[in-house]
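Novice: My questions will all concern the structure given below.
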Amino acid sequence: MEEKVVDNGLIANSENVVQGATFRISVLTERLIRLEYHPNGIFNDFESTLVKFRNFPKVNFQKQEDGRYLVIRTKYFTLSYTKEKPFDAGKFMPMANLKVELTGTDRSWYYNHPEVKNYKGNFIASDGSEDDSKPRNGLYSLDGFASINDSNSYVFDNDGKMYQRNQGGMDIYLFMYNNDFDLALKDYFTLTGYPAMIPRYALGNWWSRDLNYTSEDIRELVNNFEKNEIPLSVLVMDKGWHVDNSTEDVEVKTGYSFNKELIANPEELIKELHEKNIHVGLNINPVDGIYPSEEHYNEIASMFNIADNKIIAFDPLNPVLLDAIYKIMISPLTKMGVDFYWNDADSNSLSADKLFLLNKSLYQNNDINSNGHRIMLARNGLTATHRYPITYTGKTMVGWDGLRKAIKAQAMAANIGVSWLSLDVNGNYGGVEEEELYVRSIEQATFGPILRFNAPRGRYYRKEPWRWNAKTLEIVSRFLKLRHRLIPYLYTLAYNYHKNGNLVVKPLTYKYPWVYDDSTYKYEYLLGDNILVSPIITKKDTLINRTIHRMFIPDGVWYDFITGKKFPGNKQYISFYRDEDYPIFIRRGGIIPLTNDKDMLNSVKNPDSLEIHIFPGESNTFNLYEDNDDNSHLITQIDYNYLPNNYTVIIRNIDGDSRGVVSDKRNYKIRFRNTKKAEDVICYFNDRQIKTIGYVDDSDFIIEINDVPSIGQITLNCKGKDIEIDAMRFINDDIDSILLDLPINTVLKEQISSIMFSELPIKRKRIEIRKLRKYNLGREYIRLFLKLLEYMGTI
């Protein structure tokens, strides 16, 4: 490729470059180095499949060199290089020519470094070959460095045409960040492109099943969601929506034309779903080519001069064909109202690089729709997958092990900067479907990135909530409603991820590396900065009808989101969770905005009514982000100023314009968690005092501010003596609750209680519990209470 690169951010700042006849080293940031070597001095400045930008600001670094050696130093690293030599000096001399030392440590990187402490992060899919599910390196490593080899990627010229690179060269991006992983992520996103912004509706509840749904089947499905008051924002039609060209001998996955025997009037059906605030996705898998039965076959056949009704073979390396597939085959579906597409191609049909190119084409061609943002669902093409949301893990097996693997996949995705990962809630196939597993999977997914049901054909797969018993239906309905209520919080996280590269899901291992090897705590993660999720991944104890759950609470003070109980941090805890409870914790001073609109079941619009949960103990600020279809936006700051017995909340607009984004007026319900009724409440809108409604709900103090303009400033001040409820969590309360529920003689419960909660030493309590055999306390209960005493002794 000989032409000169257009200077569009791909050429590195010349002040950051040190170059020789066969090498070029670009110090892109204090932590990020580009290392190039080619025996003929051929270097690449074009866009690659990985890289979209290299013109970072000038970096202050020290350079020492002579005719043979080069040394470069920044705050983070020292690079030593024998000039004009290949980085790989041979099998037995791996460190001879190039070494990069991490400042303040004894760790260093060299070409072909094994990077064994890398946390991994990249895999194609869990439902392909063994190689597909094999973890590749990510960015996060206990070594404090990670490398990405871009030597063999495709590159694009000024016209967007794709080329294979010149062979024989080395092109490596080395991240030397030590403990500053967040800064390394920002470098990575600047280099490769920041994460795409997803539409608001993608954060609601999704439904898909591999069934040949008719129009009436879909209407019945939606009616069941409505009848059970379960919100639904996305309906994905799996393979059964299109004409099937399969034969007895050959399965054909590809189709672009609705099967009119199943869905006679797709445009009308999609319109009905849109009127119910349900968005529509279609499964697209182009790998088997274009068949003559397709409605628009003749247009694309004539374009490529194909006669005799031959199947038009698929070639992902042909950009003209990819463009034609979108414009001729897919665009008519978009005009019918289809909102997005699920690229269901897998690595059994396409290599990872070809899958990447297909994802790139489908995503970039997709018309911008709701919220002015594109969306696509696809397996991972291994390269900068954060640019083409949402990444599908592939089909997963039903089971507790499947749940653990799904949560692990979330953590791995974070290691390559990916937050929008779509898992099959409760697994997809096989296994044994159990009520408890179903409930725990939905509870975890409520506080995960994308909540998507997906199941294969088969009468006995029970993904529909109404196919379980009344108790299970009630629990999962409550959590699925909570998911939709969380969208104001989640969409703000989406914006911060897109704008600043702040991960939506952040594994606890980033701050506490020891957790990585601990099977008890390694599944915990943060959802944004304010929410800690400690997933339940084991079955409950049937005797007490609760899950015995161990968890680690990070530094600071945290509150149970449901009960409000306080948990001092940097400690390990044991708790007991009923089916309807889940270990979700909010950081001290946490602000969680929820939608409080109740008139439109499936709506994900910017709410007219907000319920804002505020947890005591520390001042904090939350900048609520909202936008609309034409990319107008509004940022509303919720500022909580905390003093003991004196709280002030200020709600004001700090950026954007409300017109067309939110309604002219709004209602606010401010829920002060763990707070008694304040004696003195005063509220102003701008400089005008306004009325409020104040009352206590359980252990929360609530202030309602109704019908106030969306633009302006609300200032709410609450004062009182000893209004904060301490709400310390004690294990005795948990055990008392267990005792209350056990089917044991009530008089005997009193005796057990007097022993368990006495001042006796633990050893003496064990003796007294064993004596209760003479009162016919069963052996299983004696073992239970001895175990509970053991837990009491460890807290």
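Numbering starts fresh at 1 for the residues of each chain in the structure tokens, the chains themselves are lettered A, B, ... in the order given, and ligands are numbered from 1 as they appear.
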Wanna dump the range 414-512 of chain A-range 520-532 of chain A contacts at 8 Å for me, each residue with its shortest atom pair and the distance in Å to one decimal, counting only C-alpha atoms, ordered by chain and number, as a tab-separated table?

Specialist:
residue	atom	partner	partner_atom	distance
A:Phe447	CA	A:Leu527	CA	7.1
A:Gly448	CA	A:Leu527	CA	7.4
A:Leu493	CA	A:Gly528	CA	6.3
A:Leu503	CA	A:Gly528	CA	7.2
A:Val504	CA	A:Gly528	CA	5.2
A:Val505	CA	A:Leu527	CA	5.0
A:Lys506	CA	A:Leu526	CA	5.1
A:Pro507	CA	A:Tyr525	CA	4.2
A:Leu508	CA	A:Tyr525	CA	4.9
A:Thr509	CA	A:Lys522	CA	6.9

Novice: Give me the residues of range 619-693 of chain A that have any atom at most 12 Å from an atom of range 542-565 of chain A; for each, the nearest atom pair and the distance in Å, rounded to one decimal. Use only C-alpha atoms, sort by chain and number, and format it as CSV.

Specialist:
residue,atom,partner,partner_atom,distance
A:Arg671,CA,A:Gly564,CA,11.9
A:Phe672,CA,A:Gly564,CA,10.6
A:Arg673,CA,A:Gly564,CA,6.8
A:Asn674,CA,A:Gly564,CA,6.3
A:Thr675,CA,A:Gly564,CA,10.0

Novice: Taking only range 279-519 of chain A into account, list the residues labelled alpha helix (DSSP H) by DSSP (computed from the backbone), as a ChimeraX atom specification.

Specialist: /A:297-303,319-324,331-336,352-365,400-414,435-446,470-485,487-500

Novice: Compile the contact shell of Leu355 in chain A as number ranges by chain: residues with an atom at most 12 Å away, counting only C-alpha atoms, same-chain residues fewer than 5 positions apart removed.

Specialist: A: 49, 124-125, 285-287, 315-317, 343-350, 360-362, 378-383, 385, 388

Novice: Please identify all polymer residues within 9 Å of Tyr491 in chain A, counting only C-alpha atoms, omitting same-chain residues fewer than 2 positions from it, and present them as a PyMOL selection string.

Specialist: chain A and resi 198-200+203+486-489+493-496+624-626

Novice: How far is it from CA of Val439 in chain A to CA of Ser603 in chain A, in Å with one decimal?

Specialist: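 Pair CA of Val439 in chain A / CA of Ser603 in chain A returns 23.9 Å.
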
Novice: Could you write out, as a compact mmCIF listing (two decimals) with N, CA, C and O atoms, in the first residue's frame, all the residues of range 425-667 of chain A that DSSP marks as strand (DSSP E or B)?

Specialist:
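Now in selection_32.txt:
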# COMPACT_ATOMS: atom_id res chain seq x y z
N TYR A 429 -29.93 -24.28 27.01
CA TYR A 429 -30.31 -25.63 26.61
C TYR A 429 -29.85 -26.64 27.65
O TYR A 429 -29.01 -26.37 28.50
N ILE A 450 -27.13 -6.98 30.27
CA ILE A 450 -28.27 -7.15 29.36
C ILE A 450 -29.11 -8.31 29.88
O ILE A 450 -28.59 -9.41 30.10
N LEU A 451 -30.42 -8.09 30.06
CA LEU A 451 -31.29 -9.14 30.58
C LEU A 451 -32.07 -9.73 29.40
O LEU A 451 -33.02 -9.14 28.90
N ARG A 452 -31.63 -10.90 28.98
CA ARG A 452 -32.18 -11.50 27.75
C ARG A 452 -32.53 -12.96 27.96
O ARG A 452 -31.66 -13.78 28.25
N PHE A 453 -33.82 -13.30 27.83
CA PHE A 453 -34.23 -14.70 27.82
C PHE A 453 -33.99 -15.27 26.43
O PHE A 453 -34.24 -14.61 25.42
N ASN A 454 -33.53 -16.51 26.38
CA ASN A 454 -33.34 -17.16 25.08
C ASN A 454 -33.39 -18.67 25.32
O ASN A 454 -32.79 -19.17 26.26
N ALA A 455 -34.13 -19.37 24.48
CA ALA A 455 -34.27 -20.81 24.65
C ALA A 455 -34.49 -21.47 23.30
O ALA A 455 -34.99 -20.84 22.36
N VAL A 505 -19.82 -2.80 34.26
CA VAL A 505 -19.59 -3.93 35.17
C VAL A 505 -18.10 -4.01 35.46
O VAL A 505 -17.28 -4.13 34.55
N LYS A 506 -17.75 -3.91 36.74
CA LYS A 506 -16.33 -3.92 37.12
C LYS A 506 -16.12 -5.01 38.18
O LYS A 506 -16.66 -4.93 39.27
N PRO A 507 -15.33 -6.05 37.84
CA PRO A 507 -15.08 -7.12 38.82
C PRO A 507 -14.40 -6.60 40.07
O PRO A 507 -13.57 -5.68 40.02
N TYR A 525 -19.10 -8.23 41.82
CA TYR A 525 -18.76 -7.13 40.91
C TYR A 525 -19.54 -5.88 41.28
O TYR A 525 -20.52 -5.93 42.03
N LEU A 526 -19.05 -4.75 40.76
CA LEU A 526 -19.74 -3.48 40.92
C LEU A 526 -20.53 -3.17 39.66
O LEU A 526 -20.05 -3.40 38.54
N LEU A 527 -21.71 -2.65 39.84
CA LEU A 527 -22.55 -2.16 38.73
C LEU A 527 -22.53 -0.64 38.85
O LEU A 527 -23.29 -0.05 39.61
N ILE A 531 -23.35 0.38 43.22
CA ILE A 531 -24.02 -0.89 43.50
C ILE A 531 -23.02 -2.03 43.50
O ILE A 531 -22.25 -2.21 42.56
N LEU A 532 -23.03 -2.82 44.57
CA LEU A 532 -22.22 -4.03 44.69
C LEU A 532 -23.16 -5.24 44.57
O LEU A 532 -24.18 -5.32 45.25
N VAL A 533 -22.78 -6.18 43.69
CA VAL A 533 -23.57 -7.40 43.49
C VAL A 533 -22.73 -8.59 43.96
O VAL A 533 -21.59 -8.77 43.53
N ASP A 541 -30.04 -24.26 51.55
CA ASP A 541 -30.22 -25.29 52.57
C ASP A 541 -31.71 -25.52 52.73
O ASP A 541 -32.43 -24.62 53.17
N ARG A 546 -33.26 -21.37 53.05
CA ARG A 546 -32.47 -20.18 52.76
C ARG A 546 -31.12 -20.59 52.17
O ARG A 546 -30.63 -21.68 52.45
N THR A 547 -30.54 -19.68 51.41
CA THR A 547 -29.19 -19.89 50.93
C THR A 547 -28.21 -19.34 51.96
O THR A 547 -28.33 -18.19 52.39
N ILE A 548 -27.26 -20.17 52.37
CA ILE A 548 -26.20 -19.72 53.27
C ILE A 548 -25.13 -19.10 52.38
O ILE A 548 -24.46 -19.80 51.62
N HIS A 549 -25.00 -17.80 52.45
CA HIS A 549 -24.20 -17.07 51.47
C HIS A 549 -23.07 -16.31 52.15
O HIS A 549 -23.28 -15.53 53.08
N ARG A 550 -21.86 -16.55 51.67
CA ARG A 550 -20.69 -15.82 52.16
C ARG A 550 -20.37 -14.70 51.18
O ARG A 550 -20.46 -14.88 49.96
N MET A 551 -19.99 -13.56 51.70
CA MET A 551 -19.71 -12.41 50.83
C MET A 551 -18.63 -11.54 51.46
O MET A 551 -18.44 -11.53 52.68
N PHE A 552 -17.95 -10.83 50.58
CA PHE A 552 -16.94 -9.87 51.01
C PHE A 552 -17.45 -8.47 50.67
O PHE A 552 -17.82 -8.19 49.53
N ILE A 553 -17.46 -7.59 51.67
CA ILE A 553 -17.89 -6.21 51.48
C ILE A 553 -16.65 -5.32 51.40
O ILE A 553 -15.80 -5.35 52.30
N VAL A 557 -18.66 1.82 53.95
CA VAL A 557 -19.88 1.31 54.57
C VAL A 557 -20.90 1.09 53.45
O VAL A 557 -21.07 1.93 52.57
N TRP A 558 -21.57 -0.06 53.49
CA TRP A 558 -22.53 -0.43 52.47
C TRP A 558 -23.85 -0.80 53.12
O TRP A 558 -23.90 -1.24 54.26
N TYR A 559 -24.94 -0.63 52.36
CA TYR A 559 -26.28 -0.92 52.85
C TYR A 559 -26.97 -1.94 51.95
O TYR A 559 -26.90 -1.83 50.72
N ASP A 560 -27.62 -2.91 52.57
CA ASP A 560 -28.43 -3.85 51.80
C ASP A 560 -29.57 -3.09 51.11
O ASP A 560 -30.30 -2.35 51.74
N LYS A 566 -26.95 -2.14 57.56
CA LYS A 566 -25.63 -1.55 57.35
C LYS A 566 -24.54 -2.62 57.49
O LYS A 566 -24.56 -3.42 58.42
N PHE A 567 -23.58 -2.60 56.55
CA PHE A 567 -22.45 -3.52 56.56
C PHE A 567 -21.14 -2.74 56.51
O PHE A 567 -20.77 -2.23 55.45
N PRO A 568 -20.43 -2.61 57.61
CA PRO A 568 -19.09 -2.00 57.56
C PRO A 568 -18.19 -2.82 56.64
O PRO A 568 -18.24 -4.05 56.62
N LYS A 571 -14.66 -6.47 55.12
CA LYS A 571 -14.94 -7.61 56.00
C LYS A 571 -15.67 -8.69 55.22
O LYS A 571 -16.34 -8.43 54.22
N GLN A 572 -15.57 -9.91 55.73
CA GLN A 572 -16.30 -11.05 55.18
C GLN A 572 -17.52 -11.32 56.06
O GLN A 572 -17.45 -11.19 57.28
N TYR A 573 -18.62 -11.69 55.41
CA TYR A 573 -19.87 -11.91 56.13
C TYR A 573 -20.51 -13.23 55.69
O TYR A 573 -20.25 -13.73 54.59
N ILE A 574 -21.36 -13.75 56.56
CA ILE A 574 -22.26 -14.85 56.21
C ILE A 574 -23.68 -14.35 56.42
O ILE A 574 -24.00 -13.78 57.46
N SER A 575 -24.53 -14.54 55.41
CA SER A 575 -25.93 -14.17 55.54
C SER A 575 -26.79 -15.29 55.00
O SER A 575 -26.30 -16.21 54.34
N PHE A 576 -28.08 -15.18 55.27
CA PHE A 576 -29.03 -16.23 54.92
C PHE A 576 -30.14 -15.60 54.08
O PHE A 576 -30.89 -14.75 54.56
N TYR A 577 -30.24 -16.03 52.83
CA TYR A 577 -31.14 -15.36 51.89
C TYR A 577 -32.30 -16.26 51.49
O TYR A 577 -32.12 -17.39 51.02
N ILE A 584 -27.65 -7.40 47.25
CA ILE A 584 -27.32 -6.18 46.52
C ILE A 584 -27.04 -5.10 47.55
O ILE A 584 -27.84 -4.88 48.46
N PHE A 585 -25.92 -4.40 47.40
CA PHE A 585 -25.51 -3.41 48.40
C PHE A 585 -25.24 -2.07 47.74
O PHE A 585 -24.70 -2.00 46.63
N ILE A 586 -25.59 -1.02 48.46
CA ILE A 586 -25.39 0.34 47.97
C ILE A 586 -24.35 1.04 48.84
O ILE A 586 -24.41 0.99 50.06
N ARG A 587 -23.43 1.68 48.18
CA ARG A 587 -22.35 2.38 48.88
C ARG A 587 -22.91 3.52 49.74
O ARG A 587 -23.92 4.14 49.39
N ILE A 591 -26.64 7.20 45.49
CA ILE A 591 -27.84 7.81 44.92
C ILE A 591 -28.30 6.91 43.77
O ILE A 591 -27.56 6.72 42.81
N ILE A 592 -29.50 6.36 43.88
CA ILE A 592 -30.01 5.44 42.86
C ILE A 592 -31.34 5.99 42.34
O ILE A 592 -32.37 5.90 43.01
N PRO A 593 -31.35 6.59 41.14
CA PRO A 593 -32.61 7.08 40.57
C PRO A 593 -33.36 5.96 39.86
O PRO A 593 -32.79 5.20 39.07
N LEU A 594 -34.64 5.83 40.16
CA LEU A 594 -35.51 4.84 39.54
C LEU A 594 -36.67 5.54 38.86
O LEU A 594 -37.13 6.59 39.33
N THR A 595 -37.17 4.94 37.78
CA THR A 595 -38.40 5.48 37.22
C THR A 595 -39.55 5.15 38.14
O THR A 595 -39.60 4.09 38.76
N SER A 609 -42.00 10.75 36.33
CA SER A 609 -41.88 10.65 37.79
C SER A 609 -40.63 9.85 38.13
O SER A 609 -40.39 8.78 37.56
N LEU A 610 -39.84 10.39 39.04
CA LEU A 610 -38.61 9.72 39.49
C LEU A 610 -38.70 9.41 40.97
O LEU A 610 -39.21 10.21 41.76
N GLU A 611 -38.22 8.23 41.34
CA GLU A 611 -38.03 7.90 42.75
C GLU A 611 -36.53 7.79 42.98
O GLU A 611 -35.86 6.96 42.34
N ILE A 612 -36.00 8.63 43.86
CA ILE A 612 -34.55 8.70 44.07
C ILE A 612 -34.23 8.15 45.46
O ILE A 612 -34.64 8.72 46.47
N HIS A 613 -33.52 7.01 45.49
CA HIS A 613 -33.08 6.43 46.75
C HIS A 613 -31.74 7.05 47.14
O HIS A 613 -30.80 7.05 46.35
N ILE A 614 -31.68 7.56 48.38
CA ILE A 614 -30.45 8.18 48.87
C ILE A 614 -30.07 7.51 50.19
O ILE A 614 -30.87 7.47 51.13
N ASN A 620 -22.60 13.04 48.22
CA ASN A 620 -22.37 12.40 46.93
C ASN A 620 -23.11 13.17 45.85
O ASN A 620 -24.01 13.99 46.15
N THR A 621 -22.76 12.89 44.59
CA THR A 621 -23.41 13.53 43.44
C THR A 621 -23.66 12.48 42.37
O THR A 621 -22.79 11.63 42.11
N PHE A 622 -24.83 12.54 41.76
CA PHE A 622 -25.15 11.67 40.62
C PHE A 622 -25.66 12.55 39.49
O PHE A 622 -26.61 13.32 39.67
N ASN A 623 -25.02 12.44 38.31
CA ASN A 623 -25.43 13.21 37.14
C ASN A 623 -26.28 12.35 36.23
O ASN A 623 -25.75 11.53 35.46
N LEU A 624 -27.58 12.50 36.31
CA LEU A 624 -28.54 11.70 35.54
C LEU A 624 -28.52 12.13 34.08
O LEU A 624 -28.76 13.31 33.76
N TYR A 625 -28.26 11.17 33.18
CA TYR A 625 -28.21 11.46 31.75
C TYR A 625 -29.47 10.96 31.06
O TYR A 625 -29.89 9.82 31.26
N GLU A 626 -30.06 11.82 30.21
CA GLU A 626 -31.23 11.45 29.41
C GLU A 626 -31.07 12.06 28.02
O GLU A 626 -30.47 13.12 27.86
N ASP A 627 -31.63 11.38 27.00
CA ASP A 627 -31.60 11.94 25.65
C ASP A 627 -32.85 11.51 24.89
O ASP A 627 -33.73 10.86 25.45
N HIS A 633 -30.02 16.15 24.53
CA HIS A 633 -29.82 15.48 25.80
C HIS A 633 -30.00 16.46 26.95
O HIS A 633 -30.03 17.68 26.77
N LEU A 634 -30.12 15.88 28.14
CA LEU A 634 -30.26 16.65 29.37
C LEU A 634 -29.49 15.92 30.46
O LEU A 634 -29.63 14.71 30.62
N ILE A 635 -28.66 16.66 31.19
CA ILE A 635 -27.98 16.10 32.37
C ILE A 635 -28.49 16.83 33.60
O ILE A 635 -28.38 18.06 33.70
N THR A 636 -29.07 16.06 34.50
CA THR A 636 -29.64 16.60 35.73
C THR A 636 -28.79 16.14 36.90
O THR A 636 -28.62 14.94 37.12
N GLN A 637 -28.24 17.09 37.62
CA GLN A 637 -27.38 16.75 38.76
C GLN A 637 -28.22 16.59 40.02
O GLN A 637 -29.04 17.44 40.36
N ILE A 638 -28.01 15.46 40.70
CA ILE A 638 -28.63 15.20 42.00
C ILE A 638 -27.50 15.28 43.03
O ILE A 638 -26.63 14.41 43.08
N ASP A 639 -27.49 16.34 43.81
CA ASP A 639 -26.39 16.63 44.72
C ASP A 639 -26.87 16.43 46.15
O ASP A 639 -27.79 17.12 46.61
N TYR A 640 -26.26 15.49 46.86
CA TYR A 640 -26.64 15.15 48.22
C TYR A 640 -25.56 15.64 49.17
O TYR A 640 -24.40 15.20 49.11
N ASN A 641 -25.91 16.59 50.02
CA ASN A 641 -24.98 17.13 51.01
C ASN A 641 -25.36 16.58 52.39
O ASN A 641 -26.43 16.89 52.92
N TYR A 642 -24.49 15.75 52.94
CA TYR A 642 -24.80 15.04 54.16
C TYR A 642 -24.11 15.65 55.37
O TYR A 642 -22.90 15.89 55.37
N LEU A 643 -24.89 15.91 56.39
CA LEU A 643 -24.41 16.18 57.74
C LEU A 643 -25.31 15.37 58.67
O LEU A 643 -26.50 15.18 58.38
N ASN A 646 -28.90 16.59 59.28
CA ASN A 646 -29.16 17.74 58.41
C ASN A 646 -28.77 17.36 56.97
O ASN A 646 -27.59 17.29 56.64
N TYR A 647 -29.78 17.07 56.15
CA TYR A 647 -29.53 16.65 54.77
C TYR A 647 -30.04 17.72 53.81
O TYR A 647 -31.13 18.26 54.01
N THR A 648 -29.28 17.96 52.77
CA THR A 648 -29.74 18.84 51.69
C THR A 648 -29.60 18.12 50.36
O THR A 648 -28.54 17.53 50.08
N VAL A 649 -30.66 18.15 49.57
CA VAL A 649 -30.63 17.59 48.22
C VAL A 649 -30.91 18.72 47.24
O VAL A 649 -31.93 19.42 47.37
N ILE A 650 -30.03 18.89 46.28
CA ILE A 650 -30.21 19.90 45.24
C ILE A 650 -30.31 19.19 43.89
O ILE A 650 -29.42 18.41 43.52
N ILE A 651 -31.40 19.43 43.18
CA ILE A 651 -31.62 18.83 41.86
C ILE A 651 -31.64 19.97 40.85
O ILE A 651 -32.49 20.86 40.93
N ARG A 652 -30.69 19.95 39.91
CA ARG A 652 -30.60 21.05 38.95
C ARG A 652 -30.04 20.53 37.62
O ARG A 652 -29.30 19.54 37.59
N ASN A 653 -30.36 21.23 36.56
CA ASN A 653 -29.86 20.88 35.23
C ASN A 653 -28.51 21.53 35.02
O ASN A 653 -28.35 22.73 35.24
N ILE A 654 -27.54 20.74 34.58
CA ILE A 654 -26.19 21.29 34.41
C ILE A 654 -25.72 21.25 32.96
O ILE A 654 -24.69 21.83 32.63
N ASP A 655 -26.47 20.55 32.09
CA ASP A 655 -26.06 20.51 30.69
C ASP A 655 -27.24 20.06 29.83
O ASP A 655 -28.09 19.30 30.28
N GLY A 656 -27.26 20.56 28.59
CA GLY A 656 -28.30 20.14 27.65
C GLY A 656 -29.54 20.99 27.73
O GLY A 656 -29.56 22.07 28.34
N LYS A 665 -42.97 19.17 33.13
CA LYS A 665 -43.03 19.06 34.60
C LYS A 665 -42.76 17.62 35.02
O LYS A 665 -43.01 16.68 34.27
N ARG A 666 -42.28 17.50 36.25
CA ARG A 666 -41.93 16.19 36.78
C ARG A 666 -42.40 16.06 38.22
O ARG A 666 -42.58 17.05 38.93
N ASN A 667 -42.51 14.78 38.64
CA ASN A 667 -42.76 14.45 40.04
C ASN A 667 -41.52 13.76 40.60
O ASN A 667 -40.89 12.95 39.91

Novice: Within 12 Å of range 218-226 of chain A, which residues of range 102-207 of chain A come that close, and what is the closest atom pair and distance in Å for each? Count only C-alpha atoms and give it as JSON lines.

Specialist:
{"residue": "A:Asn205", "atom": "CA", "partner": "A:Phe225", "partner_atom": "CA", "distance": 10.8}
{"residue": "A:Trp206", "atom": "CA", "partner": "A:Phe225", "partner_atom": "CA", "distance": 11.5}
{"residue": "A:Trp207", "atom": "CA", "partner": "A:Leu221", "partner_atom": "CA", "distance": 9.8}

Novice: Tell me, in Å to one decimal, how far CA of Tyr668 in chain A is from CA of Lys598 in chain A.

Specialist: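 For CA of Tyr668 in chain A relative to CA of Lys598 in chain A, the distance reads 13.5 Å.
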
Novice: So which residues touch range 107-122 of chain A within 8 Å, counting only C-alpha atoms, skipping near sequence neighbours fewer than 2 positions away, as a list in words?

Specialist: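 Those residues are Phe87, Asp88, Pro94, Met95, Leu98, Lys99, Val100, Glu101, Leu102, Thr105, Ile124, Pro135, Arg136, Asn137, Gly138, Leu139, Tyr140, Ser141, Leu142, Asp143, Phe145, Ala146, Leu382, Ala411, Met412, Ala413, Ala414, Asn415 and Ile416 of chain A.
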
Novice: Between CA of Leu10 in chain A and CA of Val59 in chain A, what is the distance, to one decimal in Å?

Specialist: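 These two atoms are separated by 16.5 Å.
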
Novice: If you count only C-alpha atoms, which residues fall within 10 Å of Leu473 in chain A, apart from same-chain ones fewer than 3 positions away, as an mmCIF file with N, CA and C atoms, in the first residue's frame?

Specialist:
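The resulting file, around_22.cif, is shown below:
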data_model
loop_
_atom_site.group_PDB
_atom_site.id
_atom_site.type_symbol
_atom_site.label_atom_id
_atom_site.label_comp_id
_atom_site.auth_asym_id
_atom_site.auth_seq_id
_atom_site.Cartn_x
_atom_site.Cartn_y
_atom_site.Cartn_z
ATOM 1 N N ASN A 228 -49.613 -10.539 33.260
ATOM 2 C CA ASN A 228 -48.858 -10.721 34.506
ATOM 3 C C ASN A 228 -48.087 -9.464 34.908
ATOM 4 N N ILE A 230 -45.664 -7.858 33.575
ATOM 5 C CA ILE A 230 -44.210 -7.962 33.455
ATOM 6 C C ILE A 230 -43.781 -7.128 32.258
ATOM 7 N N GLU A 435 -36.769 -24.345 39.919
ATOM 8 C CA GLU A 435 -37.329 -23.048 40.331
ATOM 9 C C GLU A 435 -36.265 -22.167 40.953
ATOM 10 N N VAL A 439 -35.030 -18.518 39.564
ATOM 11 C CA VAL A 439 -35.165 -17.287 40.345
ATOM 12 C C VAL A 439 -33.810 -16.604 40.517
ATOM 13 N N GLU A 464 -40.728 -18.896 30.372
ATOM 14 C CA GLU A 464 -41.819 -17.954 30.634
ATOM 15 C C GLU A 464 -42.136 -17.936 32.127
ATOM 16 N N PRO A 465 -42.144 -16.771 32.761
ATOM 17 C CA PRO A 465 -42.379 -16.708 34.212
ATOM 18 C C PRO A 465 -43.717 -17.315 34.642
ATOM 19 N N TRP A 466 -44.743 -17.207 33.803
ATOM 20 C CA TRP A 466 -46.076 -17.682 34.176
ATOM 21 C C TRP A 466 -46.202 -19.202 34.098
ATOM 22 N N ARG A 467 -45.175 -19.887 33.653
ATOM 23 C CA ARG A 467 -45.225 -21.350 33.621
ATOM 24 C C ARG A 467 -44.696 -21.973 34.912
ATOM 25 N N TRP A 468 -44.326 -21.135 35.868
ATOM 26 C CA TRP A 468 -43.892 -21.617 37.179
ATOM 27 C C TRP A 468 -45.007 -21.393 38.194
ATOM 28 N N ASN A 469 -44.753 -21.769 39.446
ATOM 29 C CA ASN A 469 -45.803 -21.620 40.457
ATOM 30 C C ASN A 469 -45.979 -20.157 40.857
ATOM 31 N N ALA A 470 -47.014 -19.903 41.641
ATOM 32 C CA ALA A 470 -47.394 -18.522 41.969
ATOM 33 C C ALA A 470 -46.287 -17.786 42.712
ATOM 34 N N VAL A 476 -40.109 -13.350 40.445
ATOM 35 C CA VAL A 476 -39.433 -12.932 39.220
ATOM 36 C C VAL A 476 -40.124 -11.711 38.613
ATOM 37 N N SER A 477 -41.440 -11.605 38.778
ATOM 38 C CA SER A 477 -42.142 -10.417 38.281
ATOM 39 C C SER A 477 -41.632 -9.167 38.984
ATOM 40 N N ARG A 478 -41.421 -9.287 40.293
ATOM 41 C CA ARG A 478 -40.945 -8.133 41.059
ATOM 42 C C ARG A 478 -39.567 -7.694 40.582
#

Novice: Leaving out Asn732 in chain A and any residue of its chain fewer than 6 positions from it, which residues lie within 10 Å of it when counting only C-alpha atoms, given as a list in words?

Specialist: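 In the requested form, the answer reads Ile738, Ser753, Met756, Phe757, Leu788 and Met792 of chain A.
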
Novice: For Arg68 in chain A, which residue out of A:Glu84, A:Asp238, A:Glu216, A:Asp339 is the nearest one, using only C-alpha atoms?

Specialist: A:Glu84
